[in-house]
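Asker: I have a structure I would like to understand better, so I am pasting it below and will then ask my questions one at a time.
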Amino acid sequence: RTPNDRFVTMARTLPALLLCVLAALVRVASAEVYFEERFDAAWADRWLKSDWHVSDGTAGDFTRTAGKWYGDAEADAGVQTGPDARFYAMSADMGKTFTNENKPLVLQFSAKHEQKLDCGGGYVKLLPSTADVKSFGGDTPYAIMFGPDVCGHATRRVHVILANKGDAKPANLLIKDDIRAETDQLTHVYTLIVYPNNSYVVKIDNVEVSTGAIEDRWDFLPPKTIKDPAASKPEDWDDRPVIPDPNDVKPDDWDELNPEYIDDVDAKKPDDWDDEEDGEWHAPTTRNPDYNGPWTQKNIANPDYQGQWEHPHIPNPDYDGTGADTLYKFDDLRYVGFELWQGKAGAI
(Lines give C-alpha, C1' and ligand atoms only; values in the text may rest on other atoms or scores of the structure.)
Protein backbone atom coordinates (compact mmCIF):
# COMPACT_ATOMS: atom_id res chain seq x y z
CA ARG A 1 0.00 0.00 0.00
CA THR A 2 0.99 3.60 -0.52
CA PRO A 3 0.95 5.94 2.49
CA ASN A 4 -2.25 7.49 1.12
CA ASP A 5 -3.95 4.08 1.06
CA ARG A 6 -2.86 3.48 4.62
CA PHE A 7 -4.34 6.76 5.81
CA VAL A 8 -7.64 6.10 4.06
CA THR A 9 -7.89 2.65 5.64
CA MET A 10 -7.31 4.14 9.07
CA ALA A 11 -9.94 6.82 8.57
CA ARG A 12 -12.51 4.34 7.39
CA THR A 13 -11.99 2.30 10.53
CA LEU A 14 -12.04 5.23 12.95
CA PRO A 15 -13.81 8.57 12.68
CA ALA A 16 -10.63 10.62 12.40
CA LEU A 17 -9.09 13.83 11.20
CA LEU A 18 -5.71 13.67 9.55
CA LEU A 19 -3.44 16.37 8.18
CA CYS A 20 -0.03 15.61 6.77
CA VAL A 21 2.57 16.95 4.40
CA LEU A 22 4.29 14.32 2.28
CA ALA A 23 8.05 14.38 2.31
CA ALA A 24 8.64 13.47 -1.35
CA LEU A 25 6.81 13.38 -4.66
CA VAL A 26 7.45 9.87 -5.95
CA ARG A 27 7.07 6.54 -4.12
CA VAL A 28 6.61 8.28 -0.79
CA ALA A 29 7.92 6.21 2.08
CA SER A 30 7.17 8.64 4.92
CA ALA A 31 5.16 11.72 5.72
CA GLU A 32 5.14 14.30 8.47
CA VAL A 33 1.78 14.12 10.21
CA TYR A 34 0.99 17.55 11.64
CA PHE A 35 -2.30 16.57 13.18
CA GLU A 36 -4.21 13.35 13.79
CA GLU A 37 -7.38 13.08 15.85
CA ARG A 38 -9.08 9.81 16.76
CA PHE A 39 -11.44 11.41 19.32
CA ASP A 40 -10.50 9.23 22.23
CA ALA A 41 -11.73 9.84 25.79
CA ALA A 42 -9.33 12.78 26.24
CA TRP A 43 -10.36 14.58 23.04
CA ALA A 44 -11.86 17.59 24.86
CA ASP A 45 -8.45 18.46 26.32
CA ARG A 46 -7.18 19.08 22.79
CA TRP A 47 -10.11 21.06 21.41
CA LEU A 48 -11.26 24.57 22.30
CA LYS A 49 -14.96 25.33 22.05
CA SER A 50 -15.57 28.77 20.54
CA ASP A 51 -17.71 31.36 22.32
CA TRP A 52 -19.35 32.13 18.95
CA HIS A 53 -23.14 32.45 19.43
CA VAL A 54 -22.91 31.49 23.11
CA SER A 55 -24.33 34.86 24.20
CA ASP A 56 -27.48 34.51 22.08
CA GLY A 57 -28.13 30.91 23.12
CA THR A 58 -27.74 29.37 19.64
CA ALA A 59 -24.36 27.69 20.18
CA GLY A 60 -24.43 23.90 20.00
CA ASP A 61 -22.09 21.27 21.41
CA PHE A 62 -19.99 18.35 20.28
CA THR A 63 -20.46 15.11 22.21
CA ARG A 64 -18.29 12.01 21.95
CA THR A 65 -20.19 8.98 20.63
CA ALA A 66 -19.99 6.19 18.08
CA GLY A 67 -23.59 6.89 17.07
CA LYS A 68 -26.32 4.39 16.33
CA TRP A 69 -24.25 2.04 14.17
CA TYR A 70 -20.65 1.03 14.80
CA GLY A 71 -18.27 -1.89 14.93
CA ASP A 72 -16.60 -1.00 18.22
CA ALA A 73 -18.18 1.66 20.46
CA GLU A 74 -14.83 2.87 21.77
CA ALA A 75 -12.66 2.63 18.67
CA ASP A 76 -15.31 4.03 16.33
CA ALA A 77 -16.23 7.05 18.46
CA GLY A 78 -16.28 10.54 16.98
CA VAL A 79 -17.88 13.83 18.01
CA GLN A 80 -21.53 14.50 17.24
CA THR A 81 -23.37 17.79 16.80
CA GLY A 82 -26.36 18.66 18.96
CA PRO A 83 -28.99 19.91 19.61
CA ASP A 84 -30.89 20.87 16.44
CA ALA A 85 -30.73 24.29 14.76
CA ARG A 86 -27.47 25.45 16.31
CA PHE A 87 -24.06 26.84 15.40
CA TYR A 88 -21.15 24.53 16.27
CA ALA A 89 -17.56 25.72 16.40
CA MET A 90 -14.37 24.35 17.92
CA SER A 91 -10.70 24.24 17.00
CA ALA A 92 -7.48 22.47 17.89
CA ASP A 93 -3.88 23.64 17.83
CA MET A 94 -1.70 21.56 15.50
CA GLY A 95 1.33 22.26 17.69
CA LYS A 96 3.32 24.46 15.35
CA THR A 97 2.90 26.80 12.42
CA PHE A 98 3.94 25.23 9.12
CA THR A 99 3.87 25.66 5.36
CA ASN A 100 3.27 23.18 2.59
CA GLU A 101 5.89 24.79 0.35
CA ASN A 102 7.38 22.25 -2.08
CA LYS A 103 5.40 19.39 -0.51
CA PRO A 104 1.99 17.81 -1.12
CA LEU A 105 -0.61 18.66 1.52
CA VAL A 106 -3.12 15.96 2.50
CA LEU A 107 -6.27 16.82 4.47
CA GLN A 108 -8.57 13.91 5.30
CA PHE A 109 -11.50 13.27 7.62
CA SER A 110 -14.61 11.13 7.92
CA ALA A 111 -18.21 12.28 8.32
CA LYS A 112 -21.38 10.34 9.05
CA HIS A 113 -24.75 12.09 8.78
CA GLU A 114 -26.70 9.39 10.53
CA GLN A 115 -29.54 11.86 11.20
CA LYS A 116 -30.03 12.12 7.40
CA LEU A 117 -28.92 15.74 7.26
CA ASP A 118 -31.51 17.97 5.61
CA CYS A 119 -29.67 21.29 5.79
CA GLY A 120 -26.23 22.04 7.15
CA GLY A 121 -22.51 21.62 6.75
CA GLY A 122 -20.02 18.89 7.55
CA TYR A 123 -16.72 20.49 6.58
CA VAL A 124 -13.38 21.24 8.21
CA LYS A 125 -11.25 24.39 8.10
CA LEU A 126 -7.51 25.06 8.36
CA LEU A 127 -6.74 28.35 10.10
CA PRO A 128 -3.66 30.60 10.26
CA SER A 129 -1.74 31.35 13.44
CA THR A 130 -3.39 34.79 13.55
CA ALA A 131 -6.90 33.34 13.97
CA ASP A 132 -8.87 34.32 17.07
CA VAL A 133 -9.74 30.76 17.99
CA LYS A 134 -11.56 31.77 21.20
CA SER A 135 -14.22 33.43 19.05
CA PHE A 136 -13.78 31.20 15.99
CA GLY A 137 -16.85 31.57 13.77
CA GLY A 138 -18.19 32.10 10.28
CA ASP A 139 -16.25 35.33 9.73
CA THR A 140 -12.89 34.02 10.95
CA PRO A 141 -10.32 34.07 8.11
CA TYR A 142 -9.16 30.61 7.04
CA ALA A 143 -6.77 29.01 4.56
CA ILE A 144 -8.80 25.98 3.41
CA MET A 145 -12.41 24.90 3.84
CA PHE A 146 -13.19 21.37 2.73
CA GLY A 147 -16.13 19.00 3.07
CA PRO A 148 -19.80 18.33 2.33
CA ASP A 149 -22.61 20.87 2.49
CA VAL A 150 -26.25 19.85 2.14
CA CYS A 151 -29.47 21.87 2.03
CA GLY A 152 -32.51 20.22 0.49
CA HIS A 153 -32.17 19.09 -3.11
CA ALA A 154 -30.64 22.34 -4.35
CA THR A 155 -27.33 22.15 -2.46
CA ARG A 156 -25.54 18.80 -2.25
CA ARG A 157 -21.91 19.52 -2.93
CA VAL A 158 -18.43 19.13 -1.53
CA HIS A 159 -16.90 22.53 -0.90
CA VAL A 160 -13.24 23.09 -1.68
CA ILE A 161 -12.59 26.73 -0.82
CA LEU A 162 -9.09 28.21 -0.85
CA ALA A 163 -8.10 31.57 0.59
CA ASN A 164 -7.16 34.13 -2.01
CA LYS A 165 -3.61 35.45 -2.11
CA GLY A 166 -2.69 38.61 -0.18
CA ASP A 167 -5.40 41.25 -0.15
CA ALA A 168 -7.03 40.03 -3.37
CA LYS A 169 -10.82 39.96 -3.45
CA PRO A 170 -12.90 37.97 -2.90
CA ALA A 171 -11.12 36.65 0.17
CA ASN A 172 -12.19 33.04 -0.47
CA LEU A 173 -12.48 31.17 -3.77
CA LEU A 174 -14.82 28.22 -4.35
CA ILE A 175 -13.82 25.46 -6.74
CA LYS A 176 -15.67 25.64 -10.06
CA ASP A 177 -16.37 21.89 -10.12
CA ASP A 178 -19.72 20.81 -8.71
CA ILE A 179 -18.55 17.84 -6.62
CA ARG A 180 -21.53 15.79 -5.45
CA ALA A 181 -21.68 15.13 -1.70
CA GLU A 182 -22.78 11.81 -0.23
CA THR A 183 -26.22 12.21 1.40
CA ASP A 184 -26.85 8.78 2.92
CA GLN A 185 -26.45 7.88 6.61
CA LEU A 186 -23.14 6.04 6.27
CA THR A 187 -19.58 7.07 7.10
CA HIS A 188 -17.67 8.58 4.18
CA VAL A 189 -14.02 9.63 3.99
CA TYR A 190 -13.21 12.95 2.33
CA THR A 191 -9.65 13.56 1.10
CA LEU A 192 -8.08 16.67 -0.39
CA ILE A 193 -4.53 16.59 -1.77
CA VAL A 194 -2.83 19.81 -2.92
CA TYR A 195 0.38 19.26 -4.89
CA PRO A 196 3.33 21.67 -5.34
CA ASN A 197 2.92 21.45 -9.13
CA ASN A 198 -0.30 23.43 -8.59
CA SER A 199 -2.64 20.50 -9.11
CA TYR A 200 -5.13 18.95 -6.72
CA VAL A 201 -7.15 15.78 -6.15
CA VAL A 202 -10.41 15.29 -4.25
CA LYS A 203 -11.39 11.76 -3.22
CA ILE A 204 -14.47 10.35 -1.55
CA ASP A 205 -13.93 6.92 0.00
CA ASN A 206 -10.58 6.83 -1.83
CA VAL A 207 -12.30 7.24 -5.21
CA GLU A 208 -11.12 10.23 -7.24
CA VAL A 209 -14.03 12.61 -7.91
CA SER A 210 -12.22 15.77 -9.05
CA THR A 211 -8.71 16.59 -10.20
CA GLY A 212 -6.95 19.21 -12.29
CA ALA A 213 -4.92 22.40 -12.24
CA ILE A 214 -5.59 24.90 -9.47
CA GLU A 215 -5.38 27.82 -11.91
CA ASP A 216 -8.12 26.27 -14.05
CA ARG A 217 -10.52 25.40 -11.19
CA TRP A 218 -10.22 28.52 -9.02
CA ASP A 219 -10.32 32.17 -10.06
CA PHE A 220 -7.01 33.19 -8.53
CA LEU A 221 -5.88 34.79 -11.79
CA PRO A 222 -7.62 36.38 -14.77
CA PRO A 223 -8.30 33.95 -17.63
CA LYS A 224 -5.43 33.43 -20.07
CA THR A 225 -7.75 33.97 -23.04
CA ILE A 226 -10.92 35.94 -23.62
CA LYS A 227 -13.52 36.11 -26.37
CA ASP A 228 -12.33 38.28 -29.23
CA PRO A 229 -14.39 41.49 -28.88
CA ALA A 230 -13.83 42.23 -32.58
CA ALA A 231 -15.36 38.94 -33.69
CA SER A 232 -19.06 38.37 -34.23
CA LYS A 233 -21.20 35.72 -35.81
CA PRO A 234 -21.43 36.25 -39.60
CA GLU A 235 -24.89 37.21 -40.76
CA ASP A 236 -24.94 34.38 -43.30
CA TRP A 237 -23.83 31.71 -40.81
CA ASP A 238 -26.31 28.86 -41.03
CA ASP A 239 -26.58 27.03 -37.69
CA ARG A 240 -29.87 25.24 -38.41
CA PRO A 241 -29.32 21.45 -38.27
CA VAL A 242 -32.63 20.83 -40.06
CA ILE A 243 -34.85 22.89 -42.36
CA PRO A 244 -38.39 22.48 -43.73
CA ASP A 245 -38.51 20.19 -46.76
CA PRO A 246 -39.31 22.49 -49.72
CA ASN A 247 -40.71 19.51 -51.62
CA ASP A 248 -43.21 18.70 -48.92
CA VAL A 249 -46.44 20.64 -49.54
CA LYS A 250 -49.84 20.45 -47.90
CA PRO A 251 -52.28 18.23 -49.86
CA ASP A 252 -55.12 20.11 -51.55
CA ASP A 253 -57.74 18.05 -49.71
CA TRP A 254 -56.22 18.67 -46.27
CA ASP A 255 -58.94 20.33 -44.19
CA GLU A 256 -57.63 21.87 -40.97
CA LEU A 257 -61.09 23.21 -40.10
CA ASN A 258 -62.62 19.80 -39.50
CA PRO A 259 -63.20 19.43 -35.74
CA GLU A 260 -61.47 16.60 -33.90
CA TYR A 261 -64.74 15.48 -32.29
CA ILE A 262 -68.30 15.56 -33.66
CA ASP A 263 -71.71 14.59 -32.36
CA ASP A 264 -72.43 10.88 -32.56
CA VAL A 265 -75.17 10.71 -35.23
CA ASP A 266 -76.10 7.21 -34.11
CA ALA A 267 -76.84 8.26 -30.56
CA LYS A 268 -80.47 8.66 -29.53
CA LYS A 269 -82.08 10.31 -26.58
CA PRO A 270 -83.13 7.63 -24.06
CA ASP A 271 -86.87 7.05 -23.80
CA ASP A 272 -86.81 7.63 -20.04
CA TRP A 273 -84.90 10.92 -20.28
CA ASP A 274 -86.80 13.67 -18.42
CA ASP A 275 -85.65 17.14 -19.50
CA GLU A 276 -87.05 18.71 -16.35
CA GLU A 277 -85.21 16.34 -14.03
CA ASP A 278 -82.17 15.39 -16.12
CA GLY A 279 -81.63 18.65 -18.02
CA GLU A 280 -81.41 19.19 -21.73
CA TRP A 281 -80.13 16.08 -23.51
CA HIS A 282 -77.02 16.41 -25.73
CA ALA A 283 -75.73 13.73 -28.04
CA PRO A 284 -72.30 12.35 -26.97
CA THR A 285 -69.32 13.15 -29.16
CA THR A 286 -67.16 10.76 -31.11
CA ARG A 287 -63.85 11.19 -32.91
CA ASN A 288 -64.24 12.70 -36.38
CA PRO A 289 -62.98 10.19 -39.00
CA ASP A 290 -62.23 13.11 -41.34
CA TYR A 291 -60.11 14.99 -38.80
CA ASN A 292 -56.61 15.75 -40.09
CA GLY A 293 -55.37 18.28 -37.56
CA PRO A 294 -52.90 21.06 -38.32
CA TRP A 295 -50.62 20.27 -41.21
CA THR A 296 -46.90 20.32 -40.43
CA GLN A 297 -44.21 20.46 -43.04
CA LYS A 298 -41.57 17.73 -42.74
CA ASN A 299 -37.97 18.59 -41.89
CA ILE A 300 -34.84 17.42 -43.67
CA ALA A 301 -31.15 17.73 -42.85
CA ASN A 302 -29.88 21.17 -43.77
CA PRO A 303 -27.32 20.75 -46.60
CA ASP A 304 -25.84 24.19 -45.72
CA TYR A 305 -25.50 23.51 -41.99
CA GLN A 306 -22.22 24.94 -40.69
CA GLY A 307 -22.46 23.85 -37.07
CA GLN A 308 -22.81 26.04 -34.01
CA TRP A 309 -20.73 29.17 -34.27
CA GLU A 310 -18.00 29.39 -31.64
CA HIS A 311 -16.67 32.73 -30.53
CA PRO A 312 -12.92 32.79 -31.17
CA HIS A 313 -10.61 33.54 -28.27
CA ILE A 314 -7.54 35.76 -28.11
CA PRO A 315 -4.85 36.12 -25.44
CA ASN A 316 -6.15 38.17 -22.51
CA PRO A 317 -4.22 41.46 -22.44
CA ASP A 318 -5.00 41.74 -18.71
CA TYR A 319 -3.61 38.33 -17.83
CA ASP A 320 -0.83 38.47 -15.29
CA GLY A 321 0.70 35.15 -14.34
CA THR A 322 2.56 36.55 -11.35
CA GLY A 323 2.21 34.05 -8.52
CA ALA A 324 0.92 31.26 -10.76
CA ASP A 325 3.69 28.94 -9.57
CA THR A 326 2.69 29.25 -5.89
CA LEU A 327 -1.09 29.09 -5.97
CA TYR A 328 -0.89 25.82 -4.03
CA LYS A 329 1.20 27.29 -1.20
CA PHE A 330 0.00 28.28 2.26
CA ASP A 331 2.65 29.84 4.46
CA ASP A 332 0.72 29.96 7.73
CA LEU A 333 -1.18 26.86 8.87
CA ARG A 334 -1.68 26.44 12.61
CA TYR A 335 -5.20 25.43 13.67
CA VAL A 336 -7.83 22.98 12.48
CA GLY A 337 -11.49 23.62 13.20
CA PHE A 338 -15.11 22.76 12.63
CA GLU A 339 -17.46 25.71 12.09
CA LEU A 340 -20.94 24.47 11.20
CA TRP A 341 -24.62 25.19 11.24
CA GLN A 342 -27.08 22.32 11.07
CA GLY A 343 -30.86 22.42 11.10
CA LYS A 344 -31.08 18.76 11.99
CA ALA A 345 -28.17 17.84 14.25
CA GLY A 346 -26.52 14.47 14.69
CA ALA A 347 -23.56 14.46 12.30
CA ILE A 348 -20.46 12.62 13.53
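Labels used: A, B, ... for chains in the order of the C-alpha coordinates, numbers from 1 for residues in each chain, and numbers from 1 for ligands as shown.
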Hey, what does DSSP flag as strand (DSSP E) within range 55-220 of chain A? Can you give it to me as a PyMOL selection string?

Answerer: chain A and resi 61-65+78-82+86-98+105-112+119-121+124-127+144-151+155-163+172-174+187-194+199-204+207-213

Asker: For a quick check of understanding, using only C-alpha atoms, which of A:Asp76, A:Glu339, A:Asp290, A:Asp167 has the smallest distance to Asp51 in chain A?

Answerer: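 Nearest candidate to Asp51 in chain A out of A:Asp76, A:Glu339, A:Asp290, A:Asp167: A:Glu339.
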
Asker: Compile a residue-level contact table for range 300-345 of chain A against range 112-119 of chain A at a cut-off of 8 Å, reporting for every qualifying residue the shortest atom pair and its distance in Å to one decimal, with only C-alpha atoms counted, rows ordered by chain and ascending number, as CSV.

Answerer:
```
residue,atom,partner,partner_atom,distance
A:Gln342,CA,A:Cys119,CA,6.0
A:Gly343,CA,A:Cys119,CA,5.6
A:Lys344,CA,A:Leu117,CA,6.0
A:Ala345,CA,A:Gln115,CA,6.8
```

Asker: For Lys165 in chain A, which residue out of A:Glu260, A:Phe220, A:Phe39, A:Asp331 is the nearest one, using only C-alpha atoms?

Answerer: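 When distances to Lys165 in chain A are compared using only C-alpha atoms, the smallest one comes from A:Phe220.
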
Asker: Can you tell me, as a PyMOL selection string, what residues are no more than 7 Å from Trp218 in chain A when counting only C-alpha atoms, ignoring any on the same chain fewer than 6 positions away?

Answerer: chain A and resi 173-176

Asker: Emit the selected residues as a PDB file, in the first residue's frame, including N, CA, C and O atoms.

Answerer:
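Below is the file result37.pdb, written as the result:
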```pdb
ATOM      1  N   LEU A 173     -12.127  31.610  -2.418  1.00  0.00           N
ATOM      2  CA  LEU A 173     -12.479  31.173  -3.772  1.00  0.00           C
ATOM      3  C   LEU A 173     -12.998  29.741  -3.745  1.00  0.00           C
ATOM      4  O   LEU A 173     -12.319  28.836  -3.260  1.00  0.00           O
ATOM      5  N   LEU A 174     -14.193  29.541  -4.287  1.00  0.00           N
ATOM      6  CA  LEU A 174     -14.825  28.219  -4.351  1.00  0.00           C
ATOM      7  C   LEU A 174     -14.429  27.531  -5.641  1.00  0.00           C
ATOM      8  O   LEU A 174     -14.387  28.144  -6.712  1.00  0.00           O
ATOM      9  N   ILE A 175     -14.145  26.237  -5.558  1.00  0.00           N
ATOM     10  CA  ILE A 175     -13.821  25.459  -6.744  1.00  0.00           C
ATOM     11  C   ILE A 175     -14.979  25.524  -7.733  1.00  0.00           C
ATOM     12  O   ILE A 175     -16.154  25.569  -7.367  1.00  0.00           O
ATOM     13  N   LYS A 176     -14.638  25.549  -9.026  1.00  0.00           N
ATOM     14  CA  LYS A 176     -15.668  25.636 -10.057  1.00  0.00           C
ATOM     15  C   LYS A 176     -16.396  24.307 -10.254  1.00  0.00           C
ATOM     16  O   LYS A 176     -17.550  24.294 -10.701  1.00  0.00           O
TER      17      LYS A 176
END
```

Asker: Nearest residue to Val106 in chain A out of A:Tyr123, A:Trp295, A:Phe146, A:Trp341, using only C-alpha atoms?

Answerer: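 Of the candidates, the smallest distance to Val106 in chain A is held by A:Phe146.
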
Asker: What is the distance between CA of Thr99 in chain A and CA of Gly147 in chain A, in Å to one decimal?

Answerer: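 Those two atoms sit 21.2 Å apart.
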
Asker: Given the choices A:Ile179, A:Leu17, A:Met145, A:Ala59, which gets closest to Arg157 in chain A if the distance is worked out from only C-alpha atoms?

Answerer: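 Checking each candidate against Arg157 in chain A, we get A:Ile179 as the closest.
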
Asker: Which is closer to Lys103 in chain A than all the others in A:Gly152, A:Pro196, A:Gly307, A:Gly137, using only C-alpha atoms?

Answerer: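 Once distances to Lys103 in chain A are computed over only C-alpha atoms, the minimum belongs to A:Pro196.
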
Asker: Please give the complete set of residues from range 276-329 of chain A that DSSP, run on the backbone, assigns to helix (DSSP H, G or I), formatted as a ChimeraX atom specification.

Answerer: /A:276-278,324-326

Asker: Go through A:Tyr261, A:Tyr88, A:Tyr190, A:Tyr319 and flag the residue nearest Gly346 in chain A, using only C-alpha atoms for the distances.

Answerer: A:Tyr88

Asker: List the neighbours of Val201 in chain A out to 7 Å using only C-alpha atoms; skip same-chain residues closer than 3 positions along the sequence, and give me the result as a ChimeraX atom specification.

Answerer: /A:192-194,208,210-211
